[in-house]
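Engineer: Handing over query06.tsv, TSV, C-alpha atoms and all ligand atoms.
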chain	number	residue	atom	x	y	z
C	732	MET	CA	42.23	194.64	-138.05
C	733	ALA	CA	44.83	197.33	-138.66
C	734	ARG	CA	46.22	199.36	-135.74
C	735	THR	CA	46.23	202.72	-137.38
C	736	MET	CA	43.86	204.36	-139.77
C	737	LYS	CA	43.66	207.45	-141.90
C	738	GLY	CA	41.20	210.09	-140.80
C	739	ALA	CA	40.45	213.61	-142.10
C	740	MET	CA	40.85	215.91	-139.12
C	741	LEU	CA	39.21	219.32	-139.25
C	742	LEU	CA	41.43	221.86	-137.48
C	743	GLY	CA	39.66	225.15	-138.24
C	744	PRO	CA	37.89	227.01	-141.06
C	745	GLU	CA	38.97	225.40	-144.35
C	746	GLU	CA	41.77	223.55	-142.62
C	747	ILE	CA	41.98	219.77	-142.90
C	748	GLU	CA	44.85	217.45	-142.06
C	749	VAL	CA	44.75	213.77	-142.92
C	750	ARG	CA	46.31	211.98	-139.95
C	751	ASP	CA	47.31	208.48	-138.96
C	752	LEU	CA	45.22	207.71	-135.89
C	753	PRO	CA	44.77	204.67	-133.67
C	754	VAL	CA	41.90	202.44	-134.78
C	755	PRO	CA	39.22	202.73	-132.08
C	756	GLU	CA	38.32	199.78	-129.83
C	757	PRO	CA	34.68	198.93	-129.09
C	758	ASP	CA	33.28	199.30	-125.57
C	759	ASP	CA	30.35	197.18	-124.38
C	760	GLY	CA	27.44	197.42	-126.80
C	761	GLU	CA	29.47	199.24	-129.45
C	762	ILE	CA	30.66	198.30	-132.91
C	763	ILE	CA	33.58	199.50	-134.98
C	764	LEU	CA	32.47	200.32	-138.50
C	765	ALA	CA	34.99	199.87	-141.30
C	766	VAL	CA	33.82	202.67	-143.58
C	767	GLU	CA	33.33	201.51	-147.15
C	768	ALA	CA	31.61	204.71	-148.30
C	769	ALA	CA	30.98	208.11	-146.77
C	770	THR	CA	29.16	210.62	-148.95
C	771	THR	CA	29.87	214.35	-148.77
C	772	CYS	CA	26.96	216.66	-148.08
C	773	GLY	CA	26.14	220.36	-147.86
C	774	THR	CA	26.37	220.15	-144.08
C	775	ASP	CA	29.96	218.90	-144.34
C	776	VAL	CA	30.76	221.85	-146.60
C	777	LYS	CA	29.32	224.23	-143.99
C	778	VAL	CA	31.30	222.52	-141.23
C	779	PHE	CA	34.47	222.72	-143.35
C	780	LYS	CA	34.00	226.43	-144.14
C	781	ARG	CA	33.08	227.44	-140.60
C	782	GLY	CA	35.54	225.13	-138.84
C	783	GLY	CA	32.98	223.20	-136.79
C	784	HIS	CA	29.32	223.21	-135.88
C	785	PRO	CA	27.78	224.94	-132.86
C	786	ARG	CA	25.80	221.85	-131.80
C	787	MET	CA	27.77	218.93	-133.15
C	788	LEU	CA	31.46	219.58	-133.62
C	789	LYS	CA	34.35	221.37	-131.93
C	790	VAL	CA	37.75	221.37	-133.64
C	791	PRO	CA	40.06	219.50	-133.78
C	792	THR	CA	37.66	216.79	-134.84
C	793	LEU	CA	36.91	214.03	-137.30
C	794	PHE	CA	33.79	214.72	-139.36
C	795	GLY	CA	31.53	213.34	-142.10
C	796	HIS	CA	28.13	211.87	-141.26
C	797	GLU	CA	26.68	209.83	-144.17
C	798	MET	CA	28.16	206.35	-143.89
C	799	ALA	CA	27.94	202.71	-144.89
C	800	GLY	CA	30.41	199.96	-144.16
C	801	ARG	CA	31.12	196.65	-142.47
C	802	VAL	CA	31.15	195.62	-138.84
C	803	ALA	CA	34.89	195.27	-138.16
C	804	ALA	CA	34.63	194.53	-134.42
C	805	ARG	CA	31.93	194.17	-131.79
C	806	GLY	CA	31.90	195.07	-128.13
C	807	LYS	CA	30.50	192.79	-125.43
C	808	GLY	CA	26.77	192.14	-125.73
C	809	VAL	CA	26.31	193.02	-129.41
C	810	THR	CA	24.26	190.23	-130.94
C	811	LYS	CA	22.28	192.17	-133.53
C	812	PHE	CA	25.07	192.18	-136.13
C	813	THR	CA	27.73	189.65	-137.04
C	814	GLU	CA	31.30	190.63	-137.79
C	815	GLY	CA	31.63	191.52	-141.45
C	816	ALA	CA	27.93	192.45	-141.79
C	817	ALA	CA	27.23	195.31	-144.20
C	818	VAL	CA	25.40	198.09	-142.36
C	819	VAL	CA	24.26	201.68	-142.53
C	820	VAL	CA	24.62	203.77	-139.37
C	821	ALA	CA	22.43	206.87	-139.05
C	822	ASN	CA	24.10	210.07	-137.88
C	823	SER	CA	21.80	210.53	-134.90
C	824	ALA	CA	20.19	208.37	-132.25
C	825	PRO	CA	17.18	209.44	-130.17
C	826	CYS	CA	16.77	208.70	-126.44
C	827	GLY	CA	13.47	206.85	-126.87
C	828	GLU	CA	12.07	208.26	-123.63
C	829	CYS	CA	11.37	211.99	-123.94
C	830	ASP	CA	8.01	213.57	-124.85
C	831	TYR	CA	9.03	213.84	-128.51
C	832	CYS	CA	10.33	210.28	-128.83
C	833	LYS	CA	7.13	208.94	-127.25
C	834	ARG	CA	5.11	210.80	-129.88
C	835	GLY	CA	7.14	209.44	-132.80
C	836	ARG	CA	8.92	212.76	-133.33
C	837	GLU	CA	12.41	211.48	-132.60
C	838	ASN	CA	13.96	214.16	-134.81
C	839	LEU	CA	13.08	216.65	-132.05
C	840	CYS	CA	14.40	214.42	-129.22
C	841	THR	CA	15.61	216.58	-126.35
C	842	ASP	CA	18.67	214.34	-125.99
C	843	LEU	CA	19.42	213.54	-129.64
C	844	GLN	CA	23.01	212.28	-129.98
C	845	TYR	CA	24.95	212.89	-133.20
C	846	LEU	CA	27.64	210.76	-134.79
C	847	ASN	CA	30.42	212.22	-136.92
C	848	GLY	CA	33.77	211.02	-138.22
C	849	ALA	CA	32.84	209.17	-141.41
C	850	PHE	CA	35.75	210.60	-143.45
C	851	ALA	CA	38.04	208.01	-141.91
C	852	GLU	CA	38.76	204.32	-142.30
C	853	TYR	CA	36.97	203.35	-139.08
C	854	VAL	CA	34.26	204.83	-136.87
C	855	ARG	CA	33.39	203.84	-133.31
C	856	VAL	CA	29.59	203.50	-133.14
C	857	PRO	CA	28.16	204.14	-129.64
C	858	ALA	CA	25.73	201.63	-128.14
C	859	ARG	CA	22.68	203.83	-128.55
C	860	PHE	CA	23.31	203.99	-132.30
C	861	VAL	CA	23.84	200.22	-132.50
C	862	ASP	CA	20.54	199.63	-130.65
C	863	ARG	CA	18.35	202.24	-132.29
C	864	ASN	CA	19.63	203.41	-135.66
C	865	THR	CA	21.92	200.89	-137.41
C	866	TYR	CA	20.55	198.65	-140.18
C	867	LYS	CA	21.69	195.78	-142.39
C	868	ILE	CA	22.16	196.77	-146.01
C	869	PRO	CA	19.86	194.77	-148.31
C	870	ALA	CA	21.63	192.38	-150.71
C	871	GLY	CA	22.62	193.96	-154.00
C	872	LEU	CA	22.79	197.54	-152.74
C	873	GLU	CA	26.29	198.97	-153.07
C	874	PHE	CA	27.89	200.95	-150.26
C	875	GLY	CA	28.04	204.31	-152.08
C	876	LYS	CA	24.33	204.36	-152.75
C	877	ALA	CA	23.56	202.93	-149.28
C	878	ALA	CA	25.39	205.89	-147.72
C	879	LEU	CA	22.60	208.09	-149.14
C	880	THR	CA	20.24	206.66	-146.54
C	881	GLU	CA	20.65	209.67	-144.25
C	882	PRO	CA	19.85	212.44	-146.76
C	883	LEU	CA	17.02	210.39	-148.27
C	884	ALA	CA	15.61	209.80	-144.78
C	885	CYS	CA	15.48	213.59	-144.29
C	886	VAL	CA	13.64	213.82	-147.61
C	887	LEU	CA	11.11	211.12	-146.66
C	888	HIS	CA	10.50	212.92	-143.38
C	889	GLY	CA	9.96	216.08	-145.45
C	890	MET	CA	7.63	214.25	-147.79
C	891	ASP	CA	5.51	213.00	-144.87
C	892	ALA	CA	5.15	216.64	-143.83
C	893	CYS	CA	3.72	217.55	-147.27
C	894	GLU	CA	0.42	215.76	-146.43
C	895	LEU	CA	0.21	214.51	-150.00
C	896	ASP	CA	-2.56	212.05	-149.15
C	897	LYS	CA	-4.75	215.07	-148.50
C	898	TYR	CA	-3.97	216.60	-151.90
C	899	GLY	CA	-4.42	213.36	-153.81
C	900	PRO	CA	-2.52	211.42	-156.47
C	901	GLY	CA	-0.55	213.36	-159.06
C	902	THR	CA	-0.28	216.48	-156.89
C	903	GLU	CA	1.61	219.39	-158.45
C	904	VAL	CA	4.58	220.27	-156.27
C	905	VAL	CA	6.95	223.18	-156.89
C	906	LEU	CA	10.41	222.50	-155.54
C	907	PHE	CA	13.09	225.19	-155.28
C	908	GLY	CA	16.70	224.00	-155.20
C	909	ALA	CA	18.34	221.22	-157.23
C	910	GLY	CA	21.13	220.40	-154.81
C	911	PRO	CA	21.49	216.78	-153.69
C	912	ILE	CA	18.63	217.06	-151.19
C	913	GLY	CA	16.30	218.76	-153.67
C	914	LEU	CA	17.12	216.13	-156.29
C	915	LEU	CA	16.43	213.25	-153.88
C	916	PHE	CA	13.15	214.98	-153.07
C	917	VAL	CA	12.29	215.07	-156.78
C	918	GLY	CA	13.09	211.36	-157.11
C	919	ALA	CA	10.96	210.38	-154.10
C	920	LEU	CA	8.01	212.55	-155.17
C	921	ALA	CA	8.10	211.31	-158.76
C	922	ARG	CA	8.27	207.72	-157.55
C	923	ALA	CA	5.05	208.34	-155.60
C	924	GLY	CA	3.39	209.64	-158.78
C	925	HIS	CA	3.46	213.37	-158.04
C	926	LYS	CA	4.19	216.07	-160.63
C	927	VAL	CA	7.26	218.06	-159.65
C	928	ILE	CA	8.19	221.43	-161.12
C	929	LEU	CA	11.87	221.85	-160.25
C	930	ALA	CA	13.32	225.39	-160.15
C	931	ASP	CA	17.05	226.12	-159.93
C	932	PRO	CA	19.65	228.39	-161.60
C	933	ASN	CA	21.92	225.49	-162.64
C	934	PRO	CA	21.00	223.74	-165.96
C	935	PRO	CA	23.12	220.57	-165.46
C	936	ARG	CA	21.41	220.02	-162.10
C	937	LEU	CA	17.99	220.58	-163.68
C	938	ALA	CA	18.93	217.88	-166.21
C	939	VAL	CA	19.64	215.43	-163.36
C	940	GLY	CA	16.23	216.40	-161.94
C	941	LYS	CA	14.63	215.41	-165.24
C	942	GLU	CA	16.35	212.03	-165.09
C	943	LEU	CA	15.04	211.56	-161.58
C	944	GLY	CA	11.50	212.14	-162.80
C	945	ALA	CA	10.78	215.89	-162.60
C	946	TRP	CA	7.63	216.73	-164.59
C	947	LYS	CA	8.93	220.17	-165.60
C	948	THR	CA	12.10	222.12	-164.87
C	949	VAL	CA	12.63	225.87	-164.92
C	950	GLN	CA	15.83	227.85	-164.78
C	951	ILE	CA	15.56	230.78	-162.37
C	952	GLU	CA	17.78	233.64	-161.21
C	953	ARG	CA	19.54	233.49	-157.87
C	954	GLY	CA	18.33	235.57	-154.94
C	955	GLY	CA	14.56	235.10	-155.04
C	956	GLY	CA	11.73	237.06	-156.70
C	957	GLN	CA	11.06	234.13	-159.04
C	958	ALA	CA	7.64	233.00	-157.83
C	959	GLU	CA	5.61	234.43	-160.76
C	960	LYS	CA	7.84	232.78	-163.34
C	961	VAL	CA	7.55	229.42	-161.63
C	962	LYS	CA	3.84	229.75	-160.89
C	963	ALA	CA	3.23	230.19	-164.63
C	964	MET	CA	4.46	226.61	-165.09
C	965	THR	CA	1.64	225.12	-162.99
C	966	SER	CA	-1.54	223.88	-164.71
C	967	GLY	CA	-3.85	226.87	-165.12
C	968	GLY	CA	-1.07	229.11	-163.84
C	969	ASP	CA	-2.65	229.61	-160.43
C	970	GLY	CA	-0.04	227.90	-158.31
C	971	ALA	CA	0.82	224.51	-156.88
C	972	TRP	CA	-0.81	222.69	-153.98
C	973	VAL	CA	2.56	222.19	-152.38
C	974	GLY	CA	5.66	224.40	-152.45
C	975	VAL	CA	8.99	223.17	-151.08
C	976	ASP	CA	12.15	225.13	-150.41
C	977	ALA	CA	15.27	222.99	-150.56
C	978	SER	CA	17.68	225.91	-150.92
C	979	GLY	CA	17.94	227.39	-147.43
C	980	VAL	CA	17.85	230.96	-148.80
C	981	PRO	CA	15.37	233.30	-147.04
C	982	GLU	CA	14.33	235.02	-150.31
C	983	VAL	CA	13.54	231.60	-151.76
C	984	TRP	CA	11.45	230.74	-148.69
C	985	LEU	CA	9.30	233.71	-149.71
C	986	ASP	CA	9.05	232.34	-153.25
C	987	ALA	CA	7.97	228.94	-151.91
C	988	ILE	CA	5.19	230.69	-149.97
C	989	SER	CA	4.13	232.79	-152.97
C	990	VAL	CA	4.01	229.89	-155.38
C	991	VAL	CA	1.21	227.89	-153.71
C	992	ARG	CA	-2.50	228.34	-154.42
C	993	PRO	CA	-5.15	229.00	-151.75
C	994	GLY	CA	-5.35	226.01	-149.41
C	995	GLY	CA	-1.79	225.05	-150.30
C	996	LEU	CA	1.03	223.80	-148.10
C	997	VAL	CA	4.52	225.26	-147.87
C	998	ASN	CA	7.37	223.06	-146.71
C	999	LEU	CA	10.36	225.11	-145.54
C	1000	PHE	CA	12.87	222.30	-145.78
C	1001	GLY	CA	16.15	224.12	-146.42
C	1002	GLY	CA	17.71	225.48	-143.22
C	1003	CYS	CA	18.69	229.17	-143.42
C	1004	ALA	CA	21.62	230.79	-141.60
C	1005	PRO	CA	21.04	231.64	-137.92
C	1006	GLY	CA	19.59	235.10	-137.30
C	1007	THR	CA	17.75	235.43	-140.62
C	1008	SER	CA	14.04	236.21	-140.88
C	1009	ILE	CA	11.44	236.77	-143.58
C	1010	PRO	CA	8.51	239.19	-143.90
C	1011	LEU	CA	5.27	237.22	-144.01
C	1012	ASP	CA	2.16	238.36	-145.90
C	1013	THR	CA	-0.32	237.79	-143.07
C	1014	HIS	CA	-3.27	238.51	-145.34
C	1015	ALA	CA	-2.32	235.73	-147.75
C	1016	VAL	CA	-1.64	233.25	-144.96
C	1017	HIS	CA	-5.00	233.93	-143.30
C	1018	TYR	CA	-7.43	234.40	-146.19
C	1019	SER	CA	-5.88	231.74	-148.38
C	1020	GLU	CA	-5.55	229.27	-145.51
C	1021	LEU	CA	-1.93	228.48	-146.20
C	1022	THR	CA	-0.23	225.77	-144.18
C	1023	ILE	CA	3.41	226.66	-143.50
C	1024	LYS	CA	5.71	224.08	-142.01
C	1025	GLY	CA	9.33	223.94	-140.87
C	1026	VAL	CA	10.89	220.52	-141.32
C	1027	TYR	CA	14.13	219.17	-139.85
C	1028	HIS	CA	16.22	215.98	-139.94
C	1029	HIS	CA	14.89	212.41	-139.93
C	1030	ARG	CA	13.38	209.69	-137.76
C	1031	PRO	CA	14.34	206.00	-137.40
C	1032	ASP	CA	11.20	205.15	-139.39
C	1033	THR	CA	12.31	207.23	-142.36
C	1034	ILE	CA	15.87	205.83	-142.13
C	1035	ARG	CA	14.40	202.31	-142.56
C	1036	ARG	CA	12.19	203.38	-145.45
C	1037	ALA	CA	15.05	205.23	-147.15
C	1038	LEU	CA	17.31	202.19	-147.08
C	1039	GLU	CA	14.52	200.08	-148.58
C	1040	MET	CA	13.91	202.62	-151.34
C	1041	LEU	CA	17.62	202.80	-152.21
C	1042	ALA	CA	17.70	199.01	-152.63
C	1043	ASP	CA	15.42	199.37	-155.66
C	1044	PRO	CA	17.71	199.66	-158.71
C	1045	ASP	CA	15.02	201.72	-160.49
C	1046	PHE	CA	15.45	204.47	-157.91
C	1047	ARG	CA	18.42	206.27	-159.45
C	1048	ALA	CA	19.79	208.09	-156.42
C	1049	ASP	CA	23.22	206.94	-157.61
C	1050	LEU	CA	22.99	209.72	-160.24
C	1051	LEU	CA	24.06	212.05	-157.41
C	1052	LEU	CA	27.37	210.28	-156.90
C	1053	SER	CA	29.66	212.39	-159.08
C	1054	ALA	CA	33.06	210.98	-158.05
C	1055	GLU	CA	34.95	208.67	-155.70
C	1056	MET	CA	38.02	209.63	-153.68
C	1057	PRO	CA	40.09	208.14	-150.85
C	1058	VAL	CA	40.08	209.61	-147.32
C	1059	ALA	CA	43.36	211.40	-148.14
C	1060	GLU	CA	41.47	213.55	-150.67
C	1061	THR	CA	38.61	214.65	-148.43
C	1062	GLU	CA	39.56	218.30	-148.83
C	1063	ALA	CA	39.58	218.04	-152.64
C	1064	ALA	CA	36.15	216.39	-152.45
C	1065	LEU	CA	34.72	219.26	-150.40
C	1066	ARG	CA	36.25	221.82	-152.73
C	1067	ALA	CA	34.61	220.05	-155.69
C	1068	MET	CA	31.32	220.44	-153.82
C	1069	ILE	CA	31.94	224.16	-153.27
C	1070	ALA	CA	32.82	224.66	-156.95
C	1071	LYS	CA	29.59	222.78	-157.81
C	1072	ASP	CA	31.69	220.34	-159.86
C	1073	ALA	CA	30.22	217.52	-157.80
C	1074	LEU	CA	26.76	216.85	-156.39
C	1075	LYS	CA	28.23	214.34	-153.94
C	1076	VAL	CA	31.56	212.58	-153.64
C	1077	VAL	CA	31.94	209.07	-152.24
C	1078	ILE	CA	34.88	208.96	-149.83
C	1079	ARG	CA	36.14	205.38	-149.77
C	1080	GLY	CA	37.49	204.22	-146.41
C	1081	GLY	CA	38.54	200.92	-147.91
C	1082	ALA	CA	40.64	199.73	-144.95
C	1101	ZN	ZN	23.99	214.97	-144.88
C	1102	ZN	ZN	14.07	211.58	-126.96
If you took the structure in this file and wrote it as structure tokens, what would it be?
Structural biologist:
Amino acid sequence: MARTMKGAMLLGPEEIEVRDLPVPEPDDGEIILAVEAATTCGTDVKVFKRGGHPRMLKVPTLFGHEMAGRVAARGKGVTKFTEGAAVVVANSAPCGECDYCKRGRENLCTDLQYLNGAFAEYVRVPARFVDRNTYKIPAGLEFGKAALTEPLACVLHGMDACELDKYGPGTEVVLFGAGPIGLLFVGALARAGHKVILADPNPPRLAVGKELGAWKTVQIERGGGQAEKVKAMTSGGDGAWVGVDASGVPEVWLDAISVVRPGGLVNLFGGCAPGTSIPLDTHAVHYSELTIKGVYHHRPDTIRRALEMLADPDFRADLLLSAEMPVAETEAALRAMIAKDALKVVIRGGA
């Protein structure tokens, strides 16, 4: 194993320096992951723009959280994985003991630990992650696509929250936002036989949505107020059973609420900026018996299911991988995301 590695160090808002750093050594129970692929995500863009994250990251810091690679070294006591094994490591690990973990709601764990630093050649994976949220990559699945396990796991957690069993097969779902997460959501819903109406301002992204199985697509204006236009696309024009926001814009949250029919369910999946709020039509919520849910993150169960789904070549999540770049070009990759030139970029550790 090499002694030094390249790593993209975040120093402040929009300030990255690629440094030569010592390759980490594993403690007991830990592994060192040689990163083969780390995919960029909207959260990384936020972290890059803001220069950190209130809960996860203080500068100077390595960052990047969607990763797949090989076990380069193992600490004492690690028997689960052999050296050289191809694995996916989730970006969080629950405690397994709190009230939430005991109820299968590990995403709300009161002691959830996060793992960052994937835009580098190596990552030290703490023991809790090795024990609870690291998985072998199925044969035939390439690293770039495998790195999508984390965002897809969020989507599968979001899909569980939609209670689609209750609404039946072929449920009409309106989904706002054709970013990477929204597009994965389209793919997962279509795969389960549901009819997705995808709404977004960006035609090339709507086209990817079609390829991933969207039933209908509709180009909308930015900034909300689009519910009537989208509702008109549903059968009979009276709204969908399920409305999903995958944009994280408060005005679009309102559209997601307005687009469902009586008895419908609203999944507020896109996280809005802190301090924002929306006015809620109490009359509609009460008399139309709307179910409104906030949904966050993923659980070990959905990480496992996501990895399995990605291993199916017919599930074309790889359509989201717009480009590949080395660690040294992490900043260019994030700027391509900001310019909407890329849905996701695969950063290749390749040590
Ligand atoms: Zn992500
Ligand atoms: Zn817990």
Engineer: Would you please work out which residue, of C:His784, C:Lys1075, C:Pro791, C:Arg1030, is nearest to Pro1005 (chain C) when using only C-alpha atoms?
Structural biologist: C:His784
Engineer: Output the neighbourhood of ligand ZN 1102 (chain C) as a ChimeraX atom specification, that is, all protein and nucleic acid residues with some atom at most 9 Å from the ligand, counting only C-alpha atoms and all ligand atoms.
Structural biologist: /C:824-833,836-843
Engineer: Grab the CA of Pro981 (chain C) to CA of Glu1062 (chain C) distance for me, in Å with one decimal place.
Structural biologist: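 Computing the Euclidean distance for CA of Pro981 (chain C) and CA of Glu1062 (chain C) yields 28.5 Å.
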Engineer: May I ask for the distance between CA of Ala851 (chain C) and CA of Arg786 (chain C), given in Å to one decimal place?
Structural biologist: 21.1 Å
Engineer: Find the nearest atom pair between each residue of chain C and ligand ZN 1101 (chain C) for residues within 8 Å, count only C-alpha atoms and all ligand atoms, give distances in Å to one decimal, sort rows by chain and ascending number, and present the table as a tab-separated table.
Structural biologist:
residue	atom	partner	partner_atom	distance
C:Thr770	CA	C:ZN1101	ZN	7.9
C:Thr771	CA	C:ZN1101	ZN	7.1
C:Cys772	CA	C:ZN1101	ZN	4.7
C:Gly773	CA	C:ZN1101	ZN	6.5
C:Thr774	CA	C:ZN1101	ZN	5.8
C:Asp775	CA	C:ZN1101	ZN	7.2
C:His796	CA	C:ZN1101	ZN	6.3
C:Glu797	CA	C:ZN1101	ZN	5.8
C:Glu881	CA	C:ZN1101	ZN	6.3
C:Pro882	CA	C:ZN1101	ZN	5.2
Engineer: What does the structure give for the distance between CA of Leu1065 (chain C) and CA of Leu764 (chain C), in Å to one decimal?
Structural biologist: 22.5 Å
Engineer: Do a neighbour search on Lys926 (chain C) at 6 Å with only C-alpha atoms, toss out local chain neighbours closer than 2 positions, and write the hits as number ranges by chain.
Structural biologist: C: 901-903, 946
